[in-house]
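Novice: This is coords.cif (mmCIF, C-alpha atoms).
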data_structure
#
loop_
_atom_site.group_PDB
_atom_site.id
_atom_site.type_symbol
_atom_site.label_atom_id
_atom_site.label_comp_id
_atom_site.auth_asym_id
_atom_site.auth_seq_id
_atom_site.Cartn_x
_atom_site.Cartn_y
_atom_site.Cartn_z
ATOM 1 C CA MET A 1 0.000 0.000 0.000
ATOM 2 C CA HIS A 2 1.289 3.475 -0.743
ATOM 3 C CA ILE A 3 0.185 7.074 -0.853
ATOM 4 C CA ALA A 4 1.370 8.941 -3.923
ATOM 5 C CA ILE A 5 1.521 12.668 -4.550
ATOM 6 C CA THR A 6 1.005 12.924 -8.261
ATOM 7 C CA TYR A 7 -0.871 14.742 -11.005
ATOM 8 C CA ASN A 8 -2.560 12.265 -13.332
ATOM 9 C CA ALA A 9 -4.953 14.528 -15.216
ATOM 10 C CA GLN A 10 -4.654 14.322 -18.988
ATOM 11 C CA ALA A 11 -4.942 18.097 -19.260
ATOM 12 C CA PHE A 12 -2.011 18.550 -16.891
ATOM 13 C CA ARG A 13 0.057 16.046 -18.884
ATOM 14 C CA THR A 14 -0.579 18.127 -21.989
ATOM 15 C CA VAL A 15 0.488 21.287 -20.124
ATOM 16 C CA ILE A 16 3.619 19.485 -18.885
ATOM 17 C CA ALA A 17 4.551 18.479 -22.426
ATOM 18 C CA GLY A 18 4.117 22.055 -23.666
ATOM 19 C CA MET A 19 5.943 23.598 -20.723
ATOM 20 C CA ASP A 20 8.729 21.031 -20.933
ATOM 21 C CA ALA A 21 9.240 21.835 -24.602
ATOM 22 C CA ALA A 22 9.318 25.558 -23.805
ATOM 23 C CA ALA A 23 11.821 25.021 -20.996
ATOM 24 C CA ALA A 24 14.082 22.787 -23.076
ATOM 25 C CA GLY A 25 13.441 19.791 -20.799
ATOM 26 C CA ALA A 26 13.799 21.594 -17.469
ATOM 27 C CA PHE A 27 10.103 21.772 -16.524
ATOM 28 C CA ARG A 28 9.669 18.097 -15.551
ATOM 29 C CA ALA A 29 12.821 18.233 -13.412
ATOM 30 C CA GLN A 30 11.554 21.337 -11.613
ATOM 31 C CA VAL A 31 8.100 19.812 -11.020
ATOM 32 C CA ALA A 32 9.826 16.669 -9.672
ATOM 33 C CA SER A 33 11.804 18.886 -7.301
ATOM 34 C CA ALA A 34 8.564 20.520 -6.070
ATOM 35 C CA LEU A 35 6.971 17.071 -5.603
ATOM 36 C CA ASN A 36 10.005 15.892 -3.636
ATOM 37 C CA ALA A 37 9.939 18.907 -1.321
ATOM 38 C CA ALA A 38 6.211 18.424 -0.621
ATOM 39 C CA GLY A 39 6.699 14.663 -0.228
ATOM 40 C CA ARG A 40 9.479 15.051 2.336
ATOM 41 C CA ALA A 41 7.346 17.544 4.275
ATOM 42 C CA ALA A 42 4.357 15.160 4.136
ATOM 43 C CA HIS A 43 6.562 12.309 5.381
ATOM 44 C CA HIS A 44 7.591 14.315 8.438
ATOM 45 C CA ALA A 45 4.049 15.613 9.000
ATOM 46 C CA ILE A 46 2.449 12.155 9.223
ATOM 47 C CA ILE A 47 4.909 10.648 11.745
ATOM 48 C CA ALA A 48 3.350 12.134 14.909
ATOM 49 C CA PRO A 49 -0.299 11.430 13.996
ATOM 50 C CA LEU A 50 0.629 7.911 12.863
ATOM 51 C CA LYS A 51 2.352 7.237 16.190
ATOM 52 C CA ALA A 52 -0.705 8.501 18.079
ATOM 53 C CA GLN A 53 -3.124 6.570 15.866
ATOM 54 C CA THR A 54 -1.290 3.242 16.119
ATOM 55 C CA GLY A 55 0.024 3.546 19.678
ATOM 56 C CA LEU A 56 3.553 2.689 18.545
ATOM 57 C CA THR A 57 6.414 4.603 20.116
ATOM 58 C CA GLY A 58 10.086 5.198 19.359
ATOM 59 C CA GLY A 59 11.533 4.698 15.913
ATOM 60 C CA THR A 60 9.143 2.024 14.662
ATOM 61 C CA ILE A 61 7.019 4.371 12.554
ATOM 62 C CA PRO A 62 9.907 6.337 10.995
ATOM 63 C CA ARG A 63 11.583 3.043 10.037
ATOM 64 C CA ALA A 64 8.331 1.683 8.560
ATOM 65 C CA ILE A 65 7.761 4.485 6.023
ATOM 66 C CA HIS A 66 9.946 4.531 2.935
ATOM 67 C CA ASP A 67 10.099 7.330 0.374
ATOM 68 C CA ARG A 68 10.250 6.906 -3.386
ATOM 69 C CA PRO A 69 11.147 10.324 -4.782
ATOM 70 C CA ALA A 70 9.907 11.763 -8.056
ATOM 71 C CA ASP A 71 12.199 12.389 -11.006
ATOM 72 C CA ALA A 72 11.822 13.823 -14.488
ATOM 73 C CA GLY A 73 10.829 10.387 -15.772
ATOM 74 C CA GLY A 74 8.122 9.799 -13.159
ATOM 75 C CA LEU A 75 6.260 12.681 -11.552
ATOM 76 C CA ALA A 76 5.136 10.844 -8.421
ATOM 77 C CA TYR A 77 6.428 10.908 -4.864
ATOM 78 C CA SER A 78 5.382 7.824 -2.901
ATOM 79 C CA LEU A 79 5.305 7.070 0.805
ATOM 80 C CA VAL A 80 5.399 3.295 1.039
ATOM 81 C CA THR A 81 4.903 1.001 4.000
ATOM 82 C CA ARG A 82 4.365 -2.713 4.349
ATOM 83 C CA GLY A 83 3.461 -4.931 7.200
ATOM 84 C CA GLY A 84 0.876 -7.091 8.812
ATOM 85 C CA ASP A 85 -0.808 -7.369 12.155
ATOM 86 C CA ILE A 86 1.702 -5.999 14.678
ATOM 87 C CA SER A 87 2.585 -8.107 17.712
ATOM 88 C CA LEU A 88 1.461 -6.843 21.120
ATOM 89 C CA LYS A 89 5.115 -6.908 22.173
ATOM 90 C CA TYR A 90 5.542 -3.448 20.597
ATOM 91 C CA PHE A 91 2.735 -1.808 22.570
ATOM 92 C CA GLY A 92 4.242 -1.817 26.069
ATOM 93 C CA ALA A 93 2.800 -5.216 26.983
ATOM 94 C CA HIS A 94 3.112 -6.369 30.595
ATOM 95 C CA GLU A 95 1.721 -9.402 32.377
ATOM 96 C CA GLY A 96 -0.407 -9.331 35.487
ATOM 97 C CA GLY A 97 -3.806 -10.248 36.869
ATOM 98 C CA GLY A 98 -4.233 -13.390 34.784
ATOM 99 C CA GLY A 99 -3.517 -11.718 31.465
ATOM 100 C CA VAL A 100 -1.551 -9.079 29.601
ATOM 101 C CA THR A 101 -2.176 -5.356 29.344
ATOM 102 C CA ALA A 102 -0.961 -3.440 26.276
ATOM 103 C CA ARG A 103 -1.711 -0.139 24.517
ATOM 104 C CA PRO A 104 -2.582 -0.771 20.853
ATOM 105 C CA ARG A 105 -3.950 2.414 19.226
ATOM 106 C CA GLY A 106 -2.977 4.242 22.438
ATOM 107 C CA ALA A 107 -5.801 2.675 24.462
ATOM 108 C CA THR A 108 -5.019 0.408 27.422
ATOM 109 C CA THR A 109 -6.446 -3.020 26.611
ATOM 110 C CA TYR A 110 -6.530 -6.154 28.737
ATOM 111 C CA PHE A 111 -6.027 -9.555 27.086
ATOM 112 C CA GLY A 112 -7.302 -12.174 29.543
ATOM 113 C CA GLY A 113 -5.433 -15.488 29.609
ATOM 114 C CA ALA A 114 -2.514 -14.102 27.612
ATOM 115 C CA PHE A 115 1.045 -14.336 28.930
ATOM 116 C CA LEU A 116 4.599 -13.083 28.424
ATOM 117 C CA THR A 117 6.397 -15.356 30.877
ATOM 118 C CA SER A 118 6.574 -19.094 31.398
ATOM 119 C CA GLY A 119 6.763 -21.397 34.369
ATOM 120 C CA ARG A 120 4.500 -22.426 37.211
ATOM 121 C CA LYS A 121 2.710 -19.868 39.331
ATOM 122 C CA GLY A 122 5.098 -18.111 41.682
ATOM 123 C CA HIS A 123 8.104 -19.090 39.527
ATOM 124 C CA ARG A 124 7.244 -17.377 36.238
ATOM 125 C CA ARG A 125 9.996 -15.639 34.297
ATOM 126 C CA LYS A 126 10.706 -14.437 30.780
ATOM 127 C CA SER A 127 11.703 -17.184 28.400
ATOM 128 C CA PRO A 128 14.072 -16.606 25.466
ATOM 129 C CA LYS A 129 11.897 -19.027 23.473
ATOM 130 C CA LEU A 130 8.949 -16.620 23.689
ATOM 131 C CA GLY A 131 11.056 -13.698 22.454
ATOM 132 C CA GLY A 132 9.121 -11.155 24.512
ATOM 133 C CA HIS A 133 5.941 -11.780 22.496
ATOM 134 C CA VAL A 134 2.470 -12.220 23.972
ATOM 135 C CA TYR A 135 0.906 -15.684 23.708
ATOM 136 C CA ARG A 136 -2.347 -17.364 24.626
ATOM 137 C CA ASN A 137 -2.903 -21.048 25.385
ATOM 138 C CA VAL A 138 -5.127 -22.543 22.680
ATOM 139 C CA ASP A 139 -5.139 -26.111 24.001
ATOM 140 C CA GLY A 140 -7.811 -25.763 26.675
ATOM 141 C CA GLY A 141 -5.471 -24.499 29.409
ATOM 142 C CA ARG A 142 -3.410 -27.707 29.460
ATOM 143 C CA TRP A 143 0.146 -27.242 30.758
ATOM 144 C CA GLY A 144 2.575 -27.698 27.854
ATOM 145 C CA GLY A 145 -0.234 -27.394 25.270
ATOM 146 C CA LYS A 146 -0.333 -25.396 22.072
ATOM 147 C CA ILE A 147 0.098 -21.653 22.239
ATOM 148 C CA ALA A 148 -0.610 -18.913 19.680
ATOM 149 C CA LYS A 149 0.812 -15.412 19.376
ATOM 150 C CA VAL A 150 -1.621 -12.625 20.250
ATOM 151 C CA LYS A 151 -1.664 -9.734 17.778
ATOM 152 C CA SER A 152 -2.822 -6.138 18.132
ATOM 153 C CA GLY A 153 -5.075 -5.731 15.099
ATOM 154 C CA VAL A 154 -2.999 -2.684 14.072
ATOM 155 C CA TYR A 155 -1.767 -2.537 10.466
ATOM 156 C CA ILE A 156 0.436 0.466 9.590
ATOM 157 C CA PRO A 157 -0.624 0.526 5.885
ATOM 158 C CA GLN A 158 -4.292 0.757 6.908
ATOM 159 C CA GLU A 159 -3.588 3.464 9.466
ATOM 160 C CA MET A 160 -1.746 5.570 6.859
ATOM 161 C CA VAL A 161 -4.899 6.077 4.803
ATOM 162 C CA ARG A 162 -7.341 7.199 7.481
ATOM 163 C CA GLY A 163 -7.939 9.609 10.316
ATOM 164 C CA ALA A 164 -5.483 12.271 11.441
ATOM 165 C CA VAL A 165 -2.732 10.862 9.197
ATOM 166 C CA VAL A 166 -4.700 11.628 6.023
ATOM 167 C CA LYS A 167 -5.583 15.104 7.324
ATOM 168 C CA ALA A 168 -1.913 15.864 8.004
ATOM 169 C CA PHE A 169 -0.910 14.545 4.573
ATOM 170 C CA GLU A 170 -3.586 16.512 2.723
ATOM 171 C CA GLY A 171 -2.780 19.665 4.711
ATOM 172 C CA VAL A 172 0.872 19.608 3.666
ATOM 173 C CA VAL A 173 0.035 18.858 0.036
ATOM 174 C CA ALA A 174 -2.525 21.677 -0.143
ATOM 175 C CA ALA A 175 -0.213 24.158 1.555
ATOM 176 C CA GLN A 176 2.989 23.321 -0.326
ATOM 177 C CA LEU A 177 2.479 21.421 -3.577
ATOM 178 C CA ASP A 178 0.021 23.607 -5.500
ATOM 179 C CA PRO A 179 1.920 26.866 -4.819
ATOM 180 C CA ALA A 180 5.252 25.227 -5.673
ATOM 181 C CA VAL A 181 4.005 23.847 -9.001
ATOM 182 C CA GLY A 182 2.374 27.218 -9.721
ATOM 183 C CA ARG A 183 5.695 29.000 -9.162
ATOM 184 C CA VAL A 184 7.455 26.600 -11.533
ATOM 185 C CA MET A 185 4.775 27.140 -14.198
ATOM 186 C CA THR A 186 5.033 30.914 -13.804
ATOM 187 C CA LEU A 187 8.825 30.815 -14.152
ATOM 188 C CA ILE A 188 8.680 28.626 -17.258
ATOM 189 C CA ALA A 189 5.854 30.660 -18.814
ATOM 190 C CA GLY A 190 7.953 33.797 -18.253
ATOM 191 C CA ARG A 191 10.792 32.267 -20.324
ATOM 192 C CA ARG A 192 8.587 31.750 -23.406
#
Would you write out, as structure tokens, the structure that this file holds?

Specialist:
Amino acid sequence: MHIAITYNAQAFRTVIAGMDAAAAGAFRAQVASALNAAGRAAHHAIIAPLKAQTGLTGGTIPRAIHDRPADAGGLAYSLVTRGGDISLKYFGAHEGGGGVTARPRGATTYFGGAFLTSGRKGHRRKSPKLGGHVYRNVDGGRWGGKIAKVKSGVYIPQEMVRGAVVKAFEGVVAAQLDPAVGRVMTLIAGRR
């Protein structure tokens, strides 16, 4: 999934071709530069709302979003992220009271019957085999039975295209991209 800042209108493509011819090939490069500036600003603008929306802290979100800059050959700036259902481990999970408490989407949530540690009651400790992840017994509570990892239900690609993240993205694009492209068009039109 990705969000792309791009102009796809046929009319704009025709204008680009005319402007590019008038600017001896420089117009597309200048529009790409404007797209890249707006794209970098949008990248930085969505980090804080995406952290708040997902409940993830630290450098997880900045590491998850990758930029694909525009160039004269492709007038699109993309913010790309991948990923599935994020493990509860990354949401400040801690065990207690017969389950695990974590903060997916920034809301404290209790997962009854889930665990982070292993061992008999009174002698429980973190196990390297569990890797700090949250698990739940799926074998009817039998000691030594099957366990399954408990996930948060948070998907970064889905969170990027809704809520405060989209508002931040659209705000930057509206404030920076249209004026920047307009300035480039004015400069090129002045050269004609």

Novice: Can you measure atom CA of A:Asp85 to atom CA of A:Arg105 for me? One decimal in Å is fine.

Specialist: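 Between atom CA of A:Asp85 and atom CA of A:Arg105 the gap is 12.5 Å.
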
Novice: Could you spell out the hits of the PyMOL selection byres ((chain A and resi 37) around 12) on the shown file, as a ChimeraX atom specification?

Specialist: /A:5,30-36,38-44,67,69-71,76-77,172-173,175-181

Novice: Between A:Gly84, A:Gly73, A:Gly97, A:Gly59, single out the one closest to A:Glu159, counting only C-alpha atoms.

Specialist: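 Using only C-alpha atoms, A:Glu159 sits closest to A:Gly84.
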
Novice: Would you compute, for all listed atoms of stretch 160-169 of chain A, the axis-aligned bounding box grown by 8 Å on each side, and then report its centre and edge lengths in Å rounded to one decimal, as JSON?

Specialist:
{"center_x": -4.4, "center_y": 10.7, "center_z": 8.0, "size_x": 23.0, "size_y": 26.3, "size_z": 22.9}

Novice: Could you please determine the separation between atom CA of A:Val100 and atom CA of A:Ala114 in Å, to one decimal place?

Specialist: 5.5 Å

Novice: I want to know what sits within 10 Å of A:Ala107, based on only C-alpha atoms, with residues of the same chain fewer than 3 positions away left out; could you give that as a list in words?

Specialist: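 So the residues in contact are Gln53, Thr54, Gly55, Phe91, Ala102, Arg103, Pro104 and Tyr110 of chain A.
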
Novice: Name the residues, using the chain letters and numbers of the file, that sit within 9 Å of (-2.3, -17.7, 21.1) when counting only C-alpha atoms, and give them as a list in words.

Specialist: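 Those residues lying close to the given coordinates are Ala114, Val134, Tyr135, Arg136, Asn137, Val138, Lys146, Ile147, Ala148, Lys149, Val150 and Lys151 of chain A.
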
Novice: Could you write those residues out with C-alpha atoms, as a PDB file, in the frame of the given file?

Specialist:
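Result file is out.pdb:
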ATOM      1  CA  ALA A 114      -2.514 -14.102  27.612  1.00  0.00           C
ATOM      2  CA  VAL A 134       2.470 -12.220  23.972  1.00  0.00           C
ATOM      3  CA  TYR A 135       0.906 -15.684  23.708  1.00  0.00           C
ATOM      4  CA  ARG A 136      -2.347 -17.364  24.626  1.00  0.00           C
ATOM      5  CA  ASN A 137      -2.903 -21.048  25.385  1.00  0.00           C
ATOM      6  CA  VAL A 138      -5.127 -22.543  22.680  1.00  0.00           C
ATOM      7  CA  LYS A 146      -0.333 -25.396  22.072  1.00  0.00           C
ATOM      8  CA  ILE A 147       0.098 -21.653  22.239  1.00  0.00           C
ATOM      9  CA  ALA A 148      -0.610 -18.913  19.680  1.00  0.00           C
ATOM     10  CA  LYS A 149       0.812 -15.412  19.376  1.00  0.00           C
ATOM     11  CA  VAL A 150      -1.621 -12.625  20.250  1.00  0.00           C
ATOM     12  CA  LYS A 151      -1.664  -9.734  17.778  1.00  0.00           C
TER      13      LYS A 151
END

Novice: I would like the residues chosen by the PyMOL selection byres ((chain A and resi 63) around 12) on the shown file; could you give them as a PyMOL selection string?

Specialist: chain A and resi 43+47+51+56-62+64-67+79-83+156

Novice: Measuring between only C-alpha atoms, which one of A:Lys167, A:Arg162, A:His133, A:Arg28 shows the shortest distance to A:Leu88?

Specialist: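 Looking at the shortest contact to A:Leu88, the residue is A:His133.
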
Novice: To one decimal place in Å, what is the distance between atom CA of A:Ser87 and atom CA of A:Ser152?

Specialist: 5.8 Å

Novice: Excluding A:Glu95 and its own-chain neighbours fewer than 6 positions away, which residues fall within 8 Å of it when counting all atoms listed in the file? Please give them as a PDB file with C-alpha atoms, in the frame of the given file.

Specialist:
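Final output, saved to result.pdb:
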ATOM      1  CA  THR A 101      -2.176  -5.356  29.344  1.00  0.00           C
ATOM      2  CA  ALA A 114      -2.514 -14.102  27.612  1.00  0.00           C
ATOM      3  CA  PHE A 115       1.045 -14.336  28.930  1.00  0.00           C
ATOM      4  CA  LEU A 116       4.599 -13.083  28.424  1.00  0.00           C
ATOM      5  CA  THR A 117       6.397 -15.356  30.877  1.00  0.00           C
TER       6      THR A 117
END
